[in-house]
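Asks: If it helps, the file is called work.cif and holds mmCIF, C-alpha atoms:
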```cif
data_coords
loop_
_atom_site.label_atom_id
_atom_site.label_comp_id
_atom_site.auth_asym_id
_atom_site.auth_seq_id
_atom_site.Cartn_x
_atom_site.Cartn_y
_atom_site.Cartn_z
CA MET A 1 0.00 0.00 0.00
CA ALA A 2 1.47 3.31 -1.07
CA GLU A 3 1.90 5.91 1.64
CA ILE A 4 0.49 9.40 1.32
CA ALA A 5 4.01 10.70 0.65
CA ASP A 6 4.40 8.19 -2.21
CA ILE A 7 1.18 9.36 -3.82
CA GLU A 8 2.23 13.01 -3.48
CA ASN A 9 5.53 12.09 -5.06
CA TYR A 10 3.84 10.30 -7.97
CA ILE A 11 1.59 13.29 -8.64
CA ALA A 12 4.56 15.66 -8.52
CA LYS A 13 6.43 13.49 -11.02
CA CYS A 14 3.38 13.27 -13.30
CA ALA A 15 3.51 17.06 -13.44
CA LEU A 16 6.99 16.65 -14.92
CA GLY A 17 5.75 14.18 -17.52
CA ASP A 18 7.00 11.03 -15.79
CA ARG A 19 4.93 8.19 -17.22
CA ASP A 20 6.38 5.59 -14.87
CA ALA A 21 5.12 7.66 -11.95
CA PHE A 22 1.74 7.80 -13.66
CA SER A 23 1.68 3.99 -13.80
CA LEU A 24 2.60 3.80 -10.13
CA LEU A 25 -0.10 6.32 -9.25
CA TYR A 26 -2.60 4.27 -11.22
CA ALA A 27 -1.54 1.09 -9.47
CA ALA A 28 -1.79 2.72 -6.05
CA THR A 29 -5.10 4.56 -6.44
CA SER A 30 -7.19 3.20 -9.32
CA ALA A 31 -9.08 0.62 -7.26
CA LYS A 32 -10.22 3.15 -4.66
CA LEU A 33 -11.07 5.72 -7.32
CA PHE A 34 -12.92 3.15 -9.41
CA GLY A 35 -14.87 2.18 -6.30
CA VAL A 36 -15.96 5.81 -5.93
CA CYS A 37 -16.93 6.01 -9.64
CA LEU A 38 -19.03 2.88 -9.20
CA ARG A 39 -20.59 4.18 -6.00
CA VAL A 40 -21.65 7.44 -7.66
CA LEU A 41 -22.61 6.14 -11.08
CA GLY A 42 -23.87 2.66 -10.22
CA ASP A 43 -22.97 1.47 -13.72
CA ARG A 44 -19.82 -0.41 -14.52
CA HIS A 45 -19.48 0.74 -18.09
CA GLU A 46 -20.00 4.37 -17.25
CA ALA A 47 -17.69 4.07 -14.26
CA GLU A 48 -14.93 2.84 -16.58
CA ASP A 49 -15.43 5.82 -18.88
CA ALA A 50 -15.41 8.14 -15.88
CA LEU A 51 -12.20 6.62 -14.52
CA GLN A 52 -10.57 7.15 -17.89
CA ASP A 53 -11.59 10.83 -17.82
CA VAL A 54 -10.27 11.04 -14.26
CA PHE A 55 -6.79 9.78 -15.07
CA VAL A 56 -6.57 11.86 -18.22
CA LYS A 57 -7.44 14.86 -16.09
CA ILE A 58 -4.98 13.90 -13.36
CA TRP A 59 -2.19 13.70 -15.92
CA HIS A 60 -3.05 17.07 -17.43
CA ASN A 61 -3.65 18.84 -14.12
CA ALA A 62 -0.93 17.26 -12.01
CA ASP A 63 0.99 20.54 -12.08
CA ARG A 64 -1.89 22.25 -10.30
CA TYR A 65 -1.66 19.97 -7.32
CA GLN A 66 0.33 21.42 -4.49
CA ILE A 67 1.57 19.42 -1.58
CA ASN A 68 -0.19 21.23 1.19
CA GLY A 69 -0.72 18.87 4.08
CA LEU A 70 -4.13 17.77 2.94
CA SER A 71 -4.36 14.20 1.82
CA PRO A 72 -3.55 13.85 -1.90
CA MET A 73 -6.43 11.36 -1.92
CA THR A 74 -8.73 14.32 -1.24
CA TRP A 75 -7.58 15.95 -4.45
CA LEU A 76 -7.99 12.70 -6.40
CA ILE A 77 -11.35 11.82 -4.86
CA THR A 78 -12.64 15.34 -5.52
CA ILE A 79 -11.76 14.97 -9.21
CA VAL A 80 -13.44 11.55 -9.30
CA ARG A 81 -16.52 12.74 -7.47
CA ASN A 82 -16.98 15.86 -9.58
CA LEU A 83 -16.45 14.16 -12.94
CA SER A 84 -18.77 11.32 -11.91
CA ILE A 85 -21.45 13.73 -10.72
CA ASP A 86 -21.14 15.68 -13.97
CA ARG A 87 -21.82 12.44 -15.84
CA LEU A 88 -24.67 11.57 -13.56
CA ARG A 89 -26.26 14.96 -14.11
CA VAL A 90 -25.91 14.67 -17.87
CA ARG A 91 -27.57 11.32 -17.57
CA LYS A 92 -30.38 12.83 -15.54
CA ARG A 93 -30.60 15.63 -18.12
CA ILE A 94 -30.23 18.22 -15.49
CA GLN A 95 -28.98 21.57 -16.66
CA GLY A 96 -26.72 22.33 -13.74
CA ALA A 97 -23.52 24.22 -13.54
CA GLY A 98 -20.45 22.18 -14.32
CA LEU A 99 -18.27 21.21 -11.43
CA GLU A 100 -15.19 21.47 -13.61
CA ALA A 101 -13.74 24.40 -11.76
CA ALA A 102 -14.25 23.05 -8.29
CA GLU A 103 -11.43 20.57 -8.00
CA ASP A 104 -8.94 23.02 -9.39
CA LEU A 105 -9.35 24.85 -6.14
CA ALA A 106 -9.03 21.76 -4.01
CA SER A 107 -5.31 22.26 -3.94
CA THR A 108 -5.27 25.87 -2.80
CA ASP A 109 -3.15 26.35 0.24
CA PRO A 110 -5.00 26.29 3.52
CA SER A 111 -3.46 27.85 6.60
CA PRO A 112 -1.63 25.58 9.07
CA GLU A 113 -4.65 25.88 11.29
CA ALA A 114 -6.85 24.62 8.48
CA MET A 115 -4.54 21.67 8.02
CA ALA A 116 -4.77 20.72 11.67
CA ILE A 117 -8.52 21.03 11.61
CA ALA A 118 -8.72 19.09 8.36
CA ALA A 119 -6.75 16.25 9.89
CA SER A 120 -9.17 16.05 12.77
CA ASP A 121 -12.09 16.39 10.35
CA ARG A 122 -11.01 13.16 8.77
CA ARG A 123 -11.42 11.33 12.02
CA GLN A 124 -14.59 13.11 12.94
CA ILE A 125 -16.69 13.23 9.81
CA ALA A 126 -18.30 9.85 10.42
CA ALA A 127 -18.99 10.66 14.06
CA CYS A 128 -20.37 14.10 13.22
CA MET A 129 -22.61 12.80 10.47
CA SER A 130 -24.09 10.44 13.02
CA GLU A 131 -24.89 13.41 15.28
CA LEU A 132 -27.18 14.81 12.60
CA ASP A 133 -30.75 13.65 12.27
CA ALA A 134 -31.00 10.71 9.92
CA GLY A 135 -32.72 12.84 7.28
CA GLN A 136 -30.09 15.57 7.53
CA SER A 137 -27.10 13.29 7.11
CA ASP A 138 -28.91 11.44 4.35
CA ALA A 139 -29.38 14.70 2.44
CA VAL A 140 -25.70 15.67 2.81
CA ARG A 141 -24.66 12.24 1.62
CA ARG A 142 -27.04 12.39 -1.34
CA ALA A 143 -25.72 15.77 -2.34
CA TYR A 144 -22.11 14.60 -2.19
CA LEU A 145 -22.31 11.02 -3.45
CA GLU A 146 -25.31 11.29 -5.73
CA GLY A 147 -25.02 14.89 -6.82
CA GLU A 148 -28.59 15.65 -5.85
CA THR A 149 -29.54 19.28 -6.29
CA TYR A 150 -31.76 21.38 -4.04
CA GLN A 151 -34.54 20.80 -6.53
CA GLU A 152 -34.17 17.04 -6.31
CA LEU A 153 -33.89 17.09 -2.53
CA SER A 154 -36.97 19.27 -2.38
CA THR A 155 -38.90 16.71 -4.42
CA ARG A 156 -37.49 13.81 -2.46
CA TYR A 157 -38.41 15.20 0.95
CA ASP A 158 -41.53 16.89 -0.37
CA VAL A 159 -40.73 20.33 1.03
CA PRO A 160 -40.52 23.68 -0.77
CA LEU A 161 -37.21 24.63 -2.36
CA ASN A 162 -36.48 27.50 0.04
CA THR A 163 -37.28 25.33 3.02
CA ILE A 164 -34.96 22.55 1.88
CA ARG A 165 -32.16 25.03 1.41
CA THR A 166 -32.62 26.54 4.86
CA TRP A 167 -32.84 23.07 6.33
CA LEU A 168 -29.68 21.80 4.62
CA ARG A 169 -27.74 24.94 5.49
CA ARG A 170 -28.68 24.40 9.10
CA SER A 171 -27.39 20.83 8.83
CA LEU A 172 -24.10 22.09 7.42
CA ILE A 173 -23.70 24.57 10.28
CA LYS A 174 -24.38 21.82 12.79
CA LEU A 175 -21.95 19.55 11.02
CA LYS A 176 -19.30 22.26 11.08
CA GLU A 177 -19.82 22.90 14.78
CA CYS A 178 -19.23 19.24 15.46
CA LEU A 179 -16.20 19.04 13.17
CA SER A 180 -14.66 22.09 14.84
CA ARG A 181 -14.95 20.78 18.37
CA MET F 182 -20.17 40.17 -2.83
CA THR F 183 -17.30 40.15 -0.42
CA ASP F 184 -17.35 42.19 2.75
CA ASP F 185 -21.01 41.84 3.53
CA ILE F 186 -20.83 38.09 3.80
CA ASP F 187 -20.30 37.05 7.39
CA THR F 188 -18.08 34.17 8.36
CA GLU F 189 -20.85 31.68 8.92
CA ASP F 190 -22.33 32.50 5.55
CA GLU F 191 -18.97 32.02 3.92
CA MET F 192 -18.53 28.72 5.67
CA VAL F 193 -21.92 27.46 4.52
CA LEU F 194 -21.49 28.80 0.99
CA ALA F 195 -18.16 27.01 0.75
CA ALA F 196 -19.91 23.77 1.71
CA GLU F 197 -22.71 24.32 -0.79
CA TYR F 198 -20.12 25.10 -3.43
CA ALA F 199 -18.17 21.93 -2.64
CA LEU F 200 -21.39 19.94 -2.89
CA GLY F 201 -22.30 21.56 -6.22
CA LEU F 202 -25.59 22.88 -4.86
CA LEU F 203 -25.28 26.46 -6.05
CA SER F 204 -26.64 28.10 -9.17
CA PRO F 205 -24.17 29.02 -11.91
CA ALA F 206 -24.34 32.68 -10.87
CA GLU F 207 -23.65 31.83 -7.22
CA GLU F 208 -20.84 29.49 -8.21
CA SER F 209 -19.12 32.13 -10.21
CA ALA F 210 -19.45 34.60 -7.32
CA ILE F 211 -17.86 32.03 -4.98
CA GLU F 212 -15.02 31.47 -7.44
CA ASP F 213 -14.32 35.19 -7.43
CA LEU F 214 -14.29 35.13 -3.67
CA LEU F 215 -11.98 32.08 -3.55
CA SER F 216 -9.43 33.85 -5.68
CA VAL F 217 -9.10 36.76 -3.24
CA ASP F 218 -10.17 35.49 0.16
CA PRO F 219 -7.83 33.12 2.02
CA GLU F 220 -10.43 32.49 4.70
CA MET F 221 -12.88 31.32 2.05
CA ARG F 222 -10.19 29.05 0.62
CA ASP F 223 -9.67 27.57 4.08
CA HIS F 224 -13.36 26.88 4.41
CA TYR F 225 -13.45 25.29 1.02
CA ALA F 226 -10.34 23.16 1.61
CA LYS F 227 -11.72 21.90 4.91
CA TRP F 228 -15.07 20.98 3.45
CA THR F 229 -13.44 19.26 0.51
CA GLU F 230 -11.43 17.13 2.89
CA SER F 231 -14.42 16.34 5.08
CA PHE F 232 -16.66 15.43 2.20
CA ALA F 233 -13.97 13.34 0.51
CA ASN F 234 -13.84 11.33 3.72
CA LEU F 235 -17.46 10.38 3.15
CA THR F 236 -15.97 7.92 0.66
CA ASP F 237 -13.94 6.19 3.39
CA ASP F 238 -16.40 3.33 3.47
CA VAL F 239 -16.46 2.93 -0.31
CA ALA F 240 -14.74 -0.38 -1.05
CA PRO F 241 -11.92 -0.38 -3.61
CA VAL F 242 -12.77 -2.26 -6.81
CA SER F 243 -10.03 -3.16 -9.28
CA PRO F 244 -10.87 -1.73 -12.70
CA PRO F 245 -10.60 -4.11 -15.69
CA ALA F 246 -7.01 -4.62 -16.80
CA ALA F 247 -7.63 -3.24 -20.30
CA LEU F 248 -8.67 0.14 -18.90
CA GLU F 249 -5.12 1.21 -18.09
CA ASP F 250 -4.10 0.54 -21.70
CA ARG F 251 -7.08 2.55 -22.88
CA ILE F 252 -6.09 5.48 -20.67
CA ASN F 253 -2.48 5.34 -21.80
CA GLU F 254 -3.61 5.23 -25.40
CA ALA F 255 -5.94 8.20 -24.88
CA LEU F 256 -3.07 10.18 -23.38
CA PHE F 257 -0.02 8.99 -25.26
CA GLY F 258 -1.36 7.46 -28.47
CA PRO F 259 -1.03 3.85 -29.58
CA ALA F 260 1.67 1.92 -27.77
CA LYS F 261 5.03 2.66 -29.30
CA LYS F 262 7.13 -0.21 -30.55
CA LYS F 263 9.66 -0.90 -27.89
CA ASN F 264 13.36 -1.22 -28.70
CA SER F 265 13.05 -4.97 -28.78
CA LEU F 266 10.19 -6.47 -30.71
CA PHE F 267 10.94 -9.67 -28.89
CA ALA F 268 10.20 -7.99 -25.62
CA ARG F 269 6.84 -6.94 -26.95
CA PHE F 270 5.75 -9.77 -29.18
CA GLY F 271 7.87 -12.57 -27.86
CA PHE F 272 7.52 -12.62 -24.12
CA ALA F 273 4.26 -10.73 -23.95
CA ARG F 274 2.47 -12.78 -26.52
CA PHE F 275 3.67 -16.27 -25.93
CA GLY F 276 4.34 -16.29 -22.25
CA ALA F 277 6.65 -19.09 -21.32
CA LEU F 278 8.24 -19.43 -24.73
CA ASN F 279 11.80 -18.25 -24.91
CA PRO F 280 12.97 -16.13 -27.79
CA VAL F 281 16.55 -16.60 -28.84
CA SER F 282 18.46 -14.08 -26.83
CA GLY F 283 20.83 -11.74 -28.56
CA GLY F 284 22.15 -8.28 -28.87
CA VAL F 285 21.02 -5.21 -30.76
CA VAL F 286 18.89 -5.62 -33.88
CA ALA F 287 20.98 -4.89 -36.98
CA ALA F 288 18.14 -2.94 -38.50
CA ALA F 289 20.22 -0.72 -40.77
CA VAL F 290 21.89 -3.66 -42.40
CA VAL F 291 18.59 -5.34 -42.99
CA LEU F 292 17.04 -2.25 -44.53
CA PHE F 293 20.01 -1.95 -46.86
CA ALA F 294 19.62 -5.56 -47.88
CA LEU F 295 15.97 -4.97 -48.56
CA SER F 296 16.49 -1.93 -50.74
CA GLN F 297 19.23 -3.69 -52.72
CA SER F 298 17.16 -6.73 -53.37
CA ASN F 299 15.38 -7.17 -56.67
CA PHE F 300 13.34 -9.81 -55.04
CA LEU F 301 9.81 -8.93 -54.08
CA ARG F 302 9.36 -5.90 -56.27
CA ASP F 303 6.82 -4.72 -58.76
CA ASP F 304 4.89 -1.49 -59.26
CA VAL F 305 1.91 -2.27 -57.09
CA PRO F 306 2.03 -0.95 -53.53
CA SER F 307 2.33 -3.78 -51.11
CA PHE F 308 3.35 -4.56 -47.60
CA VAL F 309 6.76 -5.60 -46.49
CA ALA F 310 8.37 -6.90 -43.36
CA GLU F 311 11.89 -7.57 -42.27
CA VAL F 312 11.74 -10.52 -39.99
CA VAL F 313 14.87 -10.59 -37.91
CA SER F 314 16.19 -12.10 -34.74
CA ASP F 315 17.39 -9.92 -31.93
CA ASP F 316 21.01 -10.50 -32.93
CA ALA F 317 20.42 -10.47 -36.72
CA SER F 318 21.52 -14.09 -36.89
CA PHE F 319 18.25 -14.64 -38.66
CA VAL F 320 17.00 -12.31 -41.42
CA ILE F 321 14.03 -12.93 -43.67
CA LEU F 322 12.54 -10.52 -46.19
CA ALA F 323 8.80 -10.70 -46.58
CA ARG F 324 6.21 -9.15 -48.81
CA ILE F 325 2.46 -9.35 -48.68
CA ASP F 326 0.46 -8.55 -51.83
CA ALA F 327 -1.72 -5.46 -51.79
CA ASP F 328 -4.83 -7.65 -51.75
CA ILE F 329 -3.37 -9.62 -48.84
CA SER F 330 -3.73 -12.91 -50.65
CA SER F 331 -0.19 -14.17 -50.44
CA LEU F 332 3.05 -13.79 -48.52
CA GLN F 333 6.38 -14.15 -50.31
CA MET F 334 9.45 -14.72 -48.17
CA GLU F 335 13.16 -15.02 -48.73
CA ARG F 336 15.70 -16.21 -46.20
CA GLN F 337 18.77 -13.99 -46.14
CA VAL F 338 20.48 -15.31 -43.05
CA GLY F 339 19.70 -18.36 -40.95
CA GLY F 340 17.56 -21.43 -41.41
CA ALA F 341 15.84 -24.28 -39.67
CA ARG F 342 17.69 -26.17 -36.95
CA ALA F 343 18.67 -29.78 -37.61
CA GLY F 344 15.64 -32.03 -37.57
CA ARG F 345 13.34 -29.06 -37.01
CA ALA F 346 11.12 -26.82 -39.13
CA LEU F 347 10.38 -23.08 -39.41
CA GLU F 348 6.77 -22.04 -39.03
CA VAL F 349 5.47 -18.59 -40.01
CA TRP F 350 2.82 -16.82 -37.96
CA LEU F 351 0.82 -13.64 -38.33
CA VAL F 352 0.05 -11.89 -35.04
CA ALA F 353 -2.09 -8.85 -34.31
CA GLY F 354 -2.77 -7.25 -30.95
CA ASP F 355 -3.85 -9.71 -28.33
CA TYR F 356 -5.24 -12.15 -30.86
CA PRO F 357 -3.77 -15.62 -30.99
CA PRO F 358 -1.15 -16.12 -33.70
CA ILE F 359 -2.42 -17.42 -37.03
CA SER F 360 -0.20 -20.02 -38.74
CA LEU F 361 0.56 -19.19 -42.37
CA GLY F 362 2.44 -22.41 -42.90
CA VAL F 363 5.65 -24.34 -42.46
CA TRP F 364 8.70 -23.31 -44.46
CA PRO F 365 9.49 -25.97 -47.10
CA LYS F 366 12.67 -27.74 -46.03
CA GLY F 367 15.85 -26.32 -47.56
CA GLU F 368 14.13 -23.65 -49.68
CA ILE F 369 15.48 -20.08 -49.75
CA LYS F 370 12.30 -18.53 -51.11
CA THR F 371 8.74 -19.56 -50.53
CA THR F 372 5.21 -18.25 -50.92
CA PHE F 373 2.35 -18.80 -48.50
CA ALA F 374 -1.24 -18.32 -49.56
CA ILE F 375 -3.18 -16.25 -47.03
CA THR F 376 -6.47 -18.07 -46.92
CA VAL F 377 -7.75 -16.88 -43.57
CA ALA F 378 -9.65 -13.62 -43.16
CA ILE F 379 -7.50 -11.06 -41.35
CA PRO F 380 -9.92 -9.17 -39.12
CA TRP F 381 -7.59 -6.22 -38.52
CA GLU F 382 -5.34 -3.85 -40.43
CA ILE F 383 -2.46 -5.73 -41.97
CA GLU F 384 -0.15 -2.92 -40.91
CA ASP F 385 -0.93 -3.68 -37.29
CA CYS F 386 0.34 -7.20 -37.76
CA VAL F 387 3.65 -8.78 -36.97
CA LEU F 388 5.25 -11.77 -38.67
CA VAL F 389 6.84 -14.28 -36.36
CA ILE F 390 9.01 -17.30 -37.19
CA SER F 391 9.13 -20.07 -34.64
CA ASP F 392 11.16 -23.23 -34.29
CA GLU F 393 8.81 -26.22 -34.50
CA PRO F 394 8.89 -29.99 -34.97
CA LEU F 395 8.99 -31.20 -38.58
CA GLY F 396 5.52 -30.65 -40.02
CA GLY F 397 4.89 -27.70 -37.75
CA SER F 398 3.25 -27.06 -34.40
CA GLN F 399 0.71 -29.66 -33.40
CA THR F 400 -1.15 -27.29 -31.08
CA GLY F 401 -2.16 -24.47 -33.41
CA ALA F 402 0.10 -22.09 -31.50
CA PRO F 403 3.86 -21.61 -31.47
CA THR F 404 5.51 -24.19 -29.23
CA GLY F 405 9.25 -23.68 -29.78
CA ASP F 406 11.68 -20.77 -29.64
CA LEU F 407 10.72 -17.61 -31.44
CA LEU F 408 13.51 -17.15 -33.95
CA ALA F 409 12.58 -13.87 -35.61
CA VAL F 410 9.96 -11.12 -35.44
CA GLY F 411 9.09 -8.32 -37.86
CA PRO F 412 6.30 -5.74 -38.11
CA VAL F 413 4.43 -5.41 -41.40
CA THR F 414 4.74 -1.98 -42.98
CA LEU F 415 3.54 -0.37 -46.18
CA GLU F 416 6.26 -0.57 -48.80
CA LEU F 417 7.63 2.84 -49.74
#
```
Please re-express this file's structure in structure tokens.
Replies:
Amino acid sequence: MAEIADIENYIAKCALGDRDAFSLLYAATSAKLFGVCLRVLGDRHEAEDALQDVFVKIWHNADRYQINGLSPMTWLITIVRNLSIDRLRVRKRIQGAGLEAAEDLASTDPSPEAMAIAASDRRQIAACMSELDAGQSDAVRRAYLEGETYQELSTRYDVPLNTIRTWLRRSLIKLKECLSR
Amino acid sequence: MTDDIDTEDEMVLAAEYALGLLSPAEESAIEDLLSVDPEMRDHYAKWTESFANLTDDVAPVSPPAALEDRINEALFGPAKKKNSLFARFGFARFGALNPVSGGVVAAAVVLFALSQSNFLRDDVPSFVAEVVSDDASFVILARIDADISSLQMERQVGGARAGRALEVWLVAGDYPPISLGVWPKGEIKTTFAITVAIPWEIEDCVLVISDEPLGGSQTGAPTGDLLAVGPVTLEL
């Protein structure tokens, strides 16, 4: 199992055009990333296409990744999640904004304080999600792993759009309070 | 929209942005903010990390083996021919079979021999191959007619081992080798009729000569040493 430092190293070398490092990165991360594609898309064929897009993007954008104390897996998973959700939304014929830009920012430097908090977030996210009401954590999960929009959540929970937004924002504040403890 | 957004709002907006819940107009406003506001970037980075950890319980699944090739091809084009064709078509294709080991391919010499030869020439474009061993101890010139109906071959260097035969194979991609026939004993030149349909571009094919028992392989696949390998190319 490759260590975090190995993965950072592979990404850094990819930025320099090192194809061997790209192979090593693929070997170390493709199974986890493919698992996430499958989880989001629920379709093997589409997940394969998504994973191809992901690694093409990783190769092209490796120079934008900065080693910053956050897990490099966060950067990779964010690319996987966003590309998969984009596909899912195309499939659902939803005219939503692309998430293209989002992962580019995943590598922006957080302060040292942010890094410390992020490290503790990792341990706490599961615990904090369980502190939310079942419906609240379910909605956050659906938004992240299934790309559900406010409109879809509003339909799902049968509440008006403004209400669902207020409700989810309250969940996020509660989640943040827990994560920051 | 910068100064009038309080910290809690920023924190929540960063989460909504990370989840992709915002409208295009809101997203673009957040992106403006991210480019100038370090605190906003911190919020965003923290949420990204937290949300990514929601995939902690997603089990890894190995993608199909062919996918990595597909990705490499999408990025870098079709696989380049490696310095040793044996490495690519010998070991990779036939597994346990051992090609004759040797040094550097004497490609220049072979090309010269080809261009000097009156053999295998007319005015119709056709396909040619130089089938050589790794150490050039074995050199065969080959030509396939434009309609891919026959293969003419001429031994320049090397021949069958005592009590053994040479068998000629056509190989493409991951497909199993197709036998074109056994080289008639003692002949320098020979012609094989290509009677099988070739379901791929002839230029993607490779000719392989293997060492086989008299009469040829009994299994339908090469069984002995691979003596020489050569890619098929369009004759210039």
Asks: Residues picked by the PyMOL selection byres ((chain F) within 7 of (chain A)) here, as JSON, numbers by chain?
Replies: {"F": [193, 199, 200, 201, 202, 204, 205, 222, 223, 226, 227, 229, 230, 231, 233, 234, 236, 239, 240, 241, 242, 243, 244, 252, 256]}
Asks: Those same residues, written as a PDB file, in the coordinates of the input with C-alpha atoms?
Replies:
```pdb
ATOM      1  CA  VAL F 193     -21.920  27.460   4.520  1.00  0.00           C
ATOM      2  CA  ALA F 199     -18.170  21.930  -2.640  1.00  0.00           C
ATOM      3  CA  LEU F 200     -21.390  19.940  -2.890  1.00  0.00           C
ATOM      4  CA  GLY F 201     -22.300  21.560  -6.220  1.00  0.00           C
ATOM      5  CA  LEU F 202     -25.590  22.880  -4.860  1.00  0.00           C
ATOM      6  CA  SER F 204     -26.640  28.100  -9.170  1.00  0.00           C
ATOM      7  CA  PRO F 205     -24.170  29.020 -11.910  1.00  0.00           C
ATOM      8  CA  ARG F 222     -10.190  29.050   0.620  1.00  0.00           C
ATOM      9  CA  ASP F 223      -9.670  27.570   4.080  1.00  0.00           C
ATOM     10  CA  ALA F 226     -10.340  23.160   1.610  1.00  0.00           C
ATOM     11  CA  LYS F 227     -11.720  21.900   4.910  1.00  0.00           C
ATOM     12  CA  THR F 229     -13.440  19.260   0.510  1.00  0.00           C
ATOM     13  CA  GLU F 230     -11.430  17.130   2.890  1.00  0.00           C
ATOM     14  CA  SER F 231     -14.420  16.340   5.080  1.00  0.00           C
ATOM     15  CA  ALA F 233     -13.970  13.340   0.510  1.00  0.00           C
ATOM     16  CA  ASN F 234     -13.840  11.330   3.720  1.00  0.00           C
ATOM     17  CA  THR F 236     -15.970   7.920   0.660  1.00  0.00           C
ATOM     18  CA  VAL F 239     -16.460   2.930  -0.310  1.00  0.00           C
ATOM     19  CA  ALA F 240     -14.740  -0.380  -1.050  1.00  0.00           C
ATOM     20  CA  PRO F 241     -11.920  -0.380  -3.610  1.00  0.00           C
ATOM     21  CA  VAL F 242     -12.770  -2.260  -6.810  1.00  0.00           C
ATOM     22  CA  SER F 243     -10.030  -3.160  -9.280  1.00  0.00           C
ATOM     23  CA  PRO F 244     -10.870  -1.730 -12.700  1.00  0.00           C
ATOM     24  CA  ILE F 252      -6.090   5.480 -20.670  1.00  0.00           C
ATOM     25  CA  LEU F 256      -3.070  10.180 -23.380  1.00  0.00           C
TER      26      LEU F 256
END
```
Asks: So what do you get for atom CA of A:Tyr10 versus atom CA of F:Glu254, distance-wise?
Replies: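 Taking atom CA of A:Tyr10 and atom CA of F:Glu254, their separation equals 19.6 Å.
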Asks: May I ask for the distance between atom CA of F:Leu407 and atom CA of F:Leu388, given in Å to one decimal place?
Replies: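 Interatomic distance here is 10.8 Å.
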Asks: For stretch 389-406 of chain F, list every protein, DNA or RNA residue within 6 Å, evaluated using all atoms listed in the file, and leave out those in the same chain fewer than 3 positions away; present the list as a list in words.
Replies: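 Selected residues are Asn279, Pro280, Arg345, Ala346, Leu347, Glu348, Val349, Trp350, Val363, Ala409 and Val410 of chain F.
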Asks: Taking 2 positions as the minimum chain separation for residues in the same chain, which residues sit within 8 Å of F:Gln337 when counting all atoms listed in the file? Answer as an MDAnalysis selection string.
Replies: chainID F and resid 319:322 335 339 369
Asks: Could you jot down the atom CA of A:Ser130 to atom CA of A:Leu175 separation for me, Å, one decimal place?
Replies: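 Those two atoms sit 9.6 Å apart.
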Asks: I'd like to know which of A:Trp167, A:Asp20, A:Leu161, A:Ala28 is closest to F:Asn253, using only C-alpha atoms.
Replies: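 Counting only C-alpha atoms, the residue closest to F:Asn253 is A:Asp20.
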Asks: Determine, counting all atoms listed in the file, which protein, DNA and RNA residues have an atom within 10 Å of an atom of A:Leu25; residues of the same chain fewer than 6 positions away are not included. Present the result as a compact mmCIF listing (two decimals) with C-alpha atoms, in the frame of the given file.
Replies:
```txt
# COMPACT_ATOMS: atom_id res chain seq x y z
CA ALA A 2 1.47 3.31 -1.07
CA ASP A 6 4.40 8.19 -2.21
CA ILE A 7 1.18 9.36 -3.82
CA GLU A 8 2.23 13.01 -3.48
CA ASN A 9 5.53 12.09 -5.06
CA TYR A 10 3.84 10.30 -7.97
CA ILE A 11 1.59 13.29 -8.64
CA LYS A 13 6.43 13.49 -11.02
CA CYS A 14 3.38 13.27 -13.30
CA ARG A 19 4.93 8.19 -17.22
CA PHE A 55 -6.79 9.78 -15.07
CA ILE A 58 -4.98 13.90 -13.36
```
Asks: Would you kindly translate the PyMOL selection byres ((chain F and resi 387) around 7) into the concrete residues it picks from this file, as a list in words?
Replies: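 When the PyMOL selection byres ((chain F and resi 387) around 7) is applied to the shown file, the picked residues are Leu351, Val352, Ala353, Asp385, Cys386, Leu388, Val389, Val410, Gly411, Pro412 and Val413 of chain F.
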Asks: Evaluate the PyMOL selection byres ((chain F and resi 378) around 12) here and jot the selected residues down as a list in words.
Replies: Asp328, Ile329, Ser330, Ser331, Leu351, Ile359, Leu361, Ala374, Ile375, Thr376, Val377, Ile379, Pro380, Trp381, Glu382 and Ile383 of chain F
Asks: Which residue gives the smallest distance to A:Ser180 among F:Ile211, F:Asp326, F:Trp228, F:Leu332, with all atoms listed in the file counted?
Replies: F:Trp228
